[in-house]
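What follows is model.cif (mmCIF, C-alpha atoms).
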data_structure
#
loop_
_atom_site.label_atom_id
_atom_site.label_comp_id
_atom_site.auth_asym_id
_atom_site.auth_seq_id
_atom_site.Cartn_x
_atom_site.Cartn_y
_atom_site.Cartn_z
CA PHE A 1 78.63 62.69 145.62
CA TYR A 2 82.31 61.74 145.57
CA LEU A 3 85.22 62.70 143.29
CA PRO A 4 88.68 61.18 143.70
CA LYS A 5 91.33 63.62 144.97
CA ARG A 6 93.36 63.19 141.78
CA LYS A 7 90.36 64.20 139.65
CA ILE A 8 89.64 67.26 141.82
CA PHE A 9 93.26 68.36 141.54
CA PHE A 10 93.14 67.92 137.75
CA MET A 11 90.00 70.11 137.48
CA ILE A 12 91.55 72.84 139.63
CA SER A 13 94.71 72.77 137.50
CA ILE A 14 92.68 73.25 134.30
CA SER A 15 90.82 76.18 135.87
CA VAL A 16 94.06 77.86 136.88
CA LYS A 17 95.48 77.44 133.38
CA ILE A 18 92.36 78.94 131.77
CA ILE A 19 92.46 81.95 134.10
CA SER A 20 96.19 82.38 133.47
CA VAL A 21 95.75 82.34 129.68
CA LYS A 22 92.88 84.84 129.86
CA ILE A 23 94.89 87.28 131.97
CA THR A 24 97.90 86.96 129.66
CA LYS A 25 95.79 87.73 126.60
CA GLU A 26 94.14 90.72 128.26
CA LYS A 27 97.52 92.01 129.38
CA HIS A 28 98.92 91.62 125.85
CA MET A 29 95.95 93.51 124.37
CA THR A 30 96.32 96.29 126.95
CA ASN A 31 100.00 96.64 126.08
CA PHE A 32 99.20 96.73 122.36
CA LEU A 33 96.52 99.41 122.75
CA SER A 34 98.80 101.52 124.92
CA LEU A 35 101.33 101.58 122.10
CA LEU A 36 98.85 103.01 119.59
CA ASN A 37 99.51 106.52 120.89
CA GLU A 38 103.26 106.18 121.21
CA GLU A 39 105.25 108.89 119.46
CA ASN A 40 107.85 106.32 118.47
CA SER A 41 105.54 104.55 116.02
CA ALA A 42 105.35 105.06 112.27
CA ILE A 43 103.22 104.20 109.26
CA ILE A 44 105.39 103.62 106.17
CA LEU A 45 103.82 103.89 102.73
CA ASP A 46 104.84 103.07 99.20
CA ILE A 47 104.14 105.85 96.67
CA ASP A 48 102.90 104.47 93.35
CA LYS A 49 99.43 102.89 93.51
CA THR A 50 99.52 103.27 97.29
CA ILE A 51 99.23 106.94 98.17
CA LEU A 52 98.85 108.17 94.60
CA GLU A 53 98.38 107.09 91.00
CA PRO A 54 101.25 108.70 89.09
CA LYS A 55 100.92 110.22 85.63
CA ASN A 56 103.43 110.19 82.76
CA ILE A 57 106.14 108.14 84.43
CA PHE A 58 107.11 104.68 83.17
CA ILE A 59 109.39 101.68 83.51
CA TYR A 60 110.79 100.52 80.17
CA LYS A 61 111.02 96.80 79.43
CA LYS A 62 113.33 95.48 76.71
CA ILE A 63 111.62 92.89 74.53
CA ASN A 64 113.33 91.59 71.36
CA GLY A 65 115.40 94.74 71.01
CA LYS A 66 112.43 97.06 71.51
CA GLU A 67 111.25 99.03 74.54
CA VAL A 68 107.77 98.73 75.99
CA ALA A 69 106.61 101.38 78.46
CA LEU A 70 105.00 99.97 81.62
CA THR A 71 103.05 101.93 84.20
CA PRO A 72 103.98 101.30 87.85
CA GLU A 73 100.79 99.25 88.17
CA GLN A 74 101.77 97.06 85.20
CA PHE A 75 105.32 96.69 86.49
CA ALA A 76 104.04 95.47 89.86
CA LYS A 77 102.65 92.41 88.05
CA GLU A 78 105.98 91.56 86.39
CA ASP A 79 107.97 88.60 87.72
CA VAL A 80 111.23 90.45 88.32
CA THR A 81 114.20 88.55 89.73
CA ALA A 82 117.87 89.34 90.26
CA GLU A 83 118.50 87.71 86.87
CA THR A 84 115.75 89.50 84.89
CA LYS A 85 115.97 93.03 86.37
CA LYS A 86 118.57 93.92 83.71
CA TYR A 87 115.75 93.98 81.14
CA TYR A 88 114.05 96.91 82.88
CA ASP A 89 115.04 100.57 82.65
CA PHE A 90 113.95 102.91 85.44
CA ARG A 91 115.34 106.15 83.98
CA ASP A 92 112.09 108.07 84.56
CA PHE A 93 112.34 107.28 88.26
CA ARG A 94 115.84 108.79 88.40
CA ASP A 95 114.82 111.98 86.60
CA PRO A 96 114.20 114.74 89.20
CA GLU A 97 111.79 116.70 86.99
CA LYS A 98 109.70 113.66 86.03
CA VAL A 99 109.65 112.40 89.61
CA ALA A 100 108.51 115.76 90.97
CA ALA A 101 105.87 116.17 88.23
CA SER A 102 104.52 112.64 88.75
CA ILE A 103 103.86 113.46 92.41
CA LYS A 104 102.51 116.95 91.78
CA THR A 105 99.97 115.66 89.23
CA GLY A 106 99.31 112.33 90.96
CA LEU A 107 95.78 111.29 91.82
CA PRO A 108 95.40 110.56 95.56
CA ILE A 109 94.30 107.08 96.58
CA VAL A 110 91.85 108.06 99.27
CA SER A 111 91.35 104.67 100.92
CA ASN A 112 95.02 104.42 101.90
CA LEU A 113 95.28 108.08 102.85
CA LYS A 114 92.35 107.56 105.25
CA ILE A 115 94.37 104.84 106.96
CA MET A 116 97.27 107.29 107.20
CA ASP A 117 94.94 109.92 108.72
CA ASP A 118 93.85 107.49 111.44
CA TYR A 119 97.42 106.83 112.55
CA ILE A 120 98.43 110.49 112.37
CA SER A 121 95.56 111.24 114.77
CA LYS A 122 97.15 108.75 117.21
CA GLY A 123 100.47 110.55 117.04
CA TRP A 124 102.26 108.26 114.58
CA LYS A 125 104.95 109.53 112.21
CA VAL A 126 104.73 109.05 108.43
CA GLY A 127 107.49 107.58 106.27
CA ILE A 128 107.93 106.50 102.66
CA LEU A 129 109.50 103.34 101.22
CA THR A 130 109.60 103.33 97.43
CA ALA A 131 111.47 101.62 94.60
CA ARG A 132 112.02 104.99 92.93
CA GLY A 133 115.65 106.00 92.44
CA GLU A 134 117.83 106.72 95.45
CA VAL A 135 119.34 109.70 93.60
CA VAL A 136 115.97 111.50 93.80
CA GLU A 137 115.24 110.69 97.44
CA ASP A 138 115.39 114.35 98.47
CA VAL A 139 113.18 115.33 95.52
CA ILE A 140 110.62 112.76 96.62
CA PHE A 141 110.64 114.09 100.18
CA ARG A 142 110.30 117.75 99.13
CA SER A 143 107.60 116.98 96.55
CA LEU A 144 105.52 114.98 99.02
CA LYS A 145 105.86 117.70 101.65
CA LYS A 146 104.12 120.04 99.19
CA TRP A 147 101.57 117.55 97.84
CA LEU A 148 100.58 115.34 100.77
CA LYS A 149 97.76 116.39 103.07
CA TYR A 150 95.86 114.72 105.87
CA LYS A 151 92.52 115.23 107.54
CA ASP A 152 92.66 116.38 111.14
CA LYS A 153 90.20 115.31 113.86
CA LYS A 154 87.79 118.03 112.73
CA GLY A 155 87.81 116.72 109.16
CA LYS A 156 89.82 119.63 107.75
CA PHE A 157 92.72 119.13 105.35
CA GLN A 158 96.14 120.09 106.68
CA ASP A 159 99.61 120.08 105.12
CA ILE A 160 101.56 117.00 106.15
CA GLY A 161 104.32 119.20 107.63
CA ASP A 162 106.70 117.59 110.13
CA ARG A 163 104.58 114.44 110.33
CA LEU A 164 106.44 113.28 107.23
CA VAL A 165 109.89 112.51 108.64
CA ARG A 166 112.94 112.68 106.37
CA ASP A 167 114.87 109.99 108.25
CA ILE A 168 112.22 107.41 107.35
CA VAL A 169 111.87 108.32 103.68
CA ALA A 170 113.78 105.73 101.64
CA ALA A 171 114.03 105.35 97.86
CA VAL A 172 115.80 102.06 97.21
CA GLY A 173 115.82 101.92 93.40
CA ASP A 174 119.36 101.85 91.94
CA ALA A 175 120.73 102.41 95.42
CA SER A 176 124.17 101.22 96.37
CA GLU A 177 124.45 97.95 98.26
CA LYS A 178 126.10 99.87 101.07
CA LYS A 179 123.14 102.18 101.67
CA TYR A 180 120.28 99.78 100.87
CA PRO A 181 121.50 96.16 100.75
CA GLY A 182 119.75 93.71 98.43
CA THR A 183 119.71 92.65 94.78
CA THR A 184 116.03 93.35 94.05
CA ALA A 185 113.57 96.05 95.14
CA PHE A 186 111.69 93.63 97.41
CA GLU A 187 114.90 92.49 99.11
CA LYS A 188 115.94 96.11 99.65
CA LYS A 189 112.53 96.99 101.07
CA ALA A 190 112.65 94.03 103.44
CA ASN A 191 116.06 95.14 104.70
CA VAL A 192 114.84 98.71 105.24
CA ILE A 193 111.83 97.48 107.23
CA ARG A 194 114.11 95.31 109.36
CA LYS A 195 116.24 98.35 110.20
CA MET A 196 113.20 100.57 110.89
CA SER A 197 111.69 97.90 113.16
CA LYS A 198 114.63 98.31 115.52
CA GLN A 199 114.08 102.07 115.68
CA HIS A 200 110.34 102.09 116.41
CA ASP A 201 107.91 100.58 118.92
CA ARG A 202 105.33 99.87 116.20
CA LEU A 203 105.59 99.96 112.43
CA ILE A 204 102.94 99.53 109.74
CA PHE A 205 103.91 99.18 106.08
CA ILE A 206 101.46 99.44 103.16
CA ASP A 207 102.43 98.52 99.59
CA ASP A 208 100.61 97.55 96.38
CA ASP A 209 103.18 94.98 95.22
CA LEU A 210 102.59 91.46 96.50
CA LYS A 211 106.27 90.57 95.96
CA ASN A 212 107.26 93.21 98.49
CA ILE A 213 104.62 92.08 100.97
CA LYS A 214 105.70 88.42 100.72
CA ALA A 215 109.41 89.22 101.05
CA ILE A 216 108.86 91.36 104.13
CA LYS A 217 106.51 88.88 105.81
CA LYS A 218 109.01 86.09 105.18
CA MET A 219 111.76 88.16 106.80
CA LEU A 220 109.56 89.03 109.79
CA ARG A 221 108.70 85.35 110.39
CA LYS A 222 112.29 84.20 110.00
CA GLU A 223 113.63 86.78 112.45
CA ASN A 224 110.61 86.65 114.77
CA ILE A 225 109.99 90.40 114.51
CA LYS A 226 106.68 91.16 116.23
CA ASN A 227 106.33 94.93 116.08
CA VAL A 228 105.75 95.25 112.31
CA PHE A 229 102.44 94.88 110.50
CA VAL A 230 102.42 94.59 106.70
CA ARG A 231 99.41 94.86 104.42
CA LEU A 232 98.45 95.30 100.79
CA THR A 233 96.92 98.58 99.70
CA ALA A 234 93.25 99.08 100.48
CA GLY A 235 92.43 99.74 96.79
CA GLU A 236 91.00 102.84 95.20
#
Represent the structure contained in this file as structure tokens.
Amino acid sequence: FYLPKRKIFFMISISVKIISVKITKEKHMTNFLSLLNEENSAIILDIDKTILEPKNIFIYKKINGKEVALTPEQFAKEDVTAETKKYYDFRDFRDPEKVAASIKTGLPIVSNLKIMDDYISKGWKVGILTARGEVVEDVIFRSLKKWLKYKDKKGKFQDIGDRLVRDIVAAVGDASEKKYPGTTAFEKKANVIRKMSKQHDRLIFIDDDLKNIKAIKKMLRKENIKNVFVRLTAGE
């Protein structure tokens, strides 16, 4: 049986390439798994319809001189642009008492909190990225510190404590361009995620609003940012 030298060389070259690709993929997977327990990784969550379903807090839409109250879930379906955002009033989300009460009485969305539990068990930090008003950012942080719990490895509920990190709690609604650049909530959120990506080895962001998800994914592709994973909420 005879094969020309050129053909034998070609077959060997293919084999080497296949082996090389396999090793590269395995090495990449090993590196990824090793980062799952890194302390410098964080899971970032939206609030409304992500970690909780808020009660008695609304966005007000101006229609023909009248105001219509929208729940956060209803607002997420609105087609808001830089030109149309002037028709929406977010005063409830700037009111410290209403913001605190909406968290205190909020119904937990267990499916997303279970995801949070998994990453806490790996040593990840927890942050918040919400379109609620920047003026109540501290109120949001303090309220969530009291309300938010996680399940430890034994299945027991524990206070979130220092796992919720103040430096990665951002409320971008009505924020100044200097602090949170962008003309819309989804632009501001994308810019915050870009900044956080430079400060962490791995970042996961969960949000219920498809506009936010699309804006962030577009930014990640454009800037070739590889250490951020973005996903829609897991539902109820």
Step by step, work through what the PyMOL selection byres ((chain A and resi 139) around 12) selects in the shown file, and finish by giving those residues as number ranges by chain. A: 93-104, 132-138, 140-146, 166, 169-171
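Here the PyMOL selection byres ((chain A and resi 78) around 12) catches exactly these residues: A:Ile59, A:Tyr60, A:Lys61, A:Leu70, A:Thr71, A:Pro72, A:Glu73, A:Gln74, A:Phe75, A:Ala76, A:Lys77, A:Asp79, A:Val80, A:Thr81, A:Thr84, A:Lys85, A:Tyr87, A:Tyr88, A:Asp209, A:Leu210, A:Lys211.
The space between CA of Ile216 (chain A) and CA of Asp201 (chain A) spans 17.5 Å.
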Assuming the chain letters and numbering stay as they are in my file, what does the PyMOL selection byres ((chain A and resi 233) around 6) actually select? List them as an NGL selection string. :A and (50 or 206-208 or 232 or 234-235)
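Nearest to Thr184 (chain A) of all the residues A:Asp118, A:Glu223, A:Glu83, A:Asp159 is A:Glu83, counting all atoms listed in the file.
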Within 10 Å of (102.4, 112.5, 110.9), only C-alpha atoms: residues as a PyMOL selection string? chain A and resi 39+41-43+116-127+149-150+159-165
Could you please determine the separation between CA of His200 (chain A) and CA of Phe229 (chain A) in Å, to one decimal place? 12.2 Å
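For the pair CA of Val110 (chain A) and CA of Lys189 (chain A), the separation is 23.5 Å.
Counting all atoms listed in the file and comparing A:Asn212, A:Asn112, A:Asn56, A:Asn224, the residue that lies closest to Asn191 (chain A) is A:Asn212.
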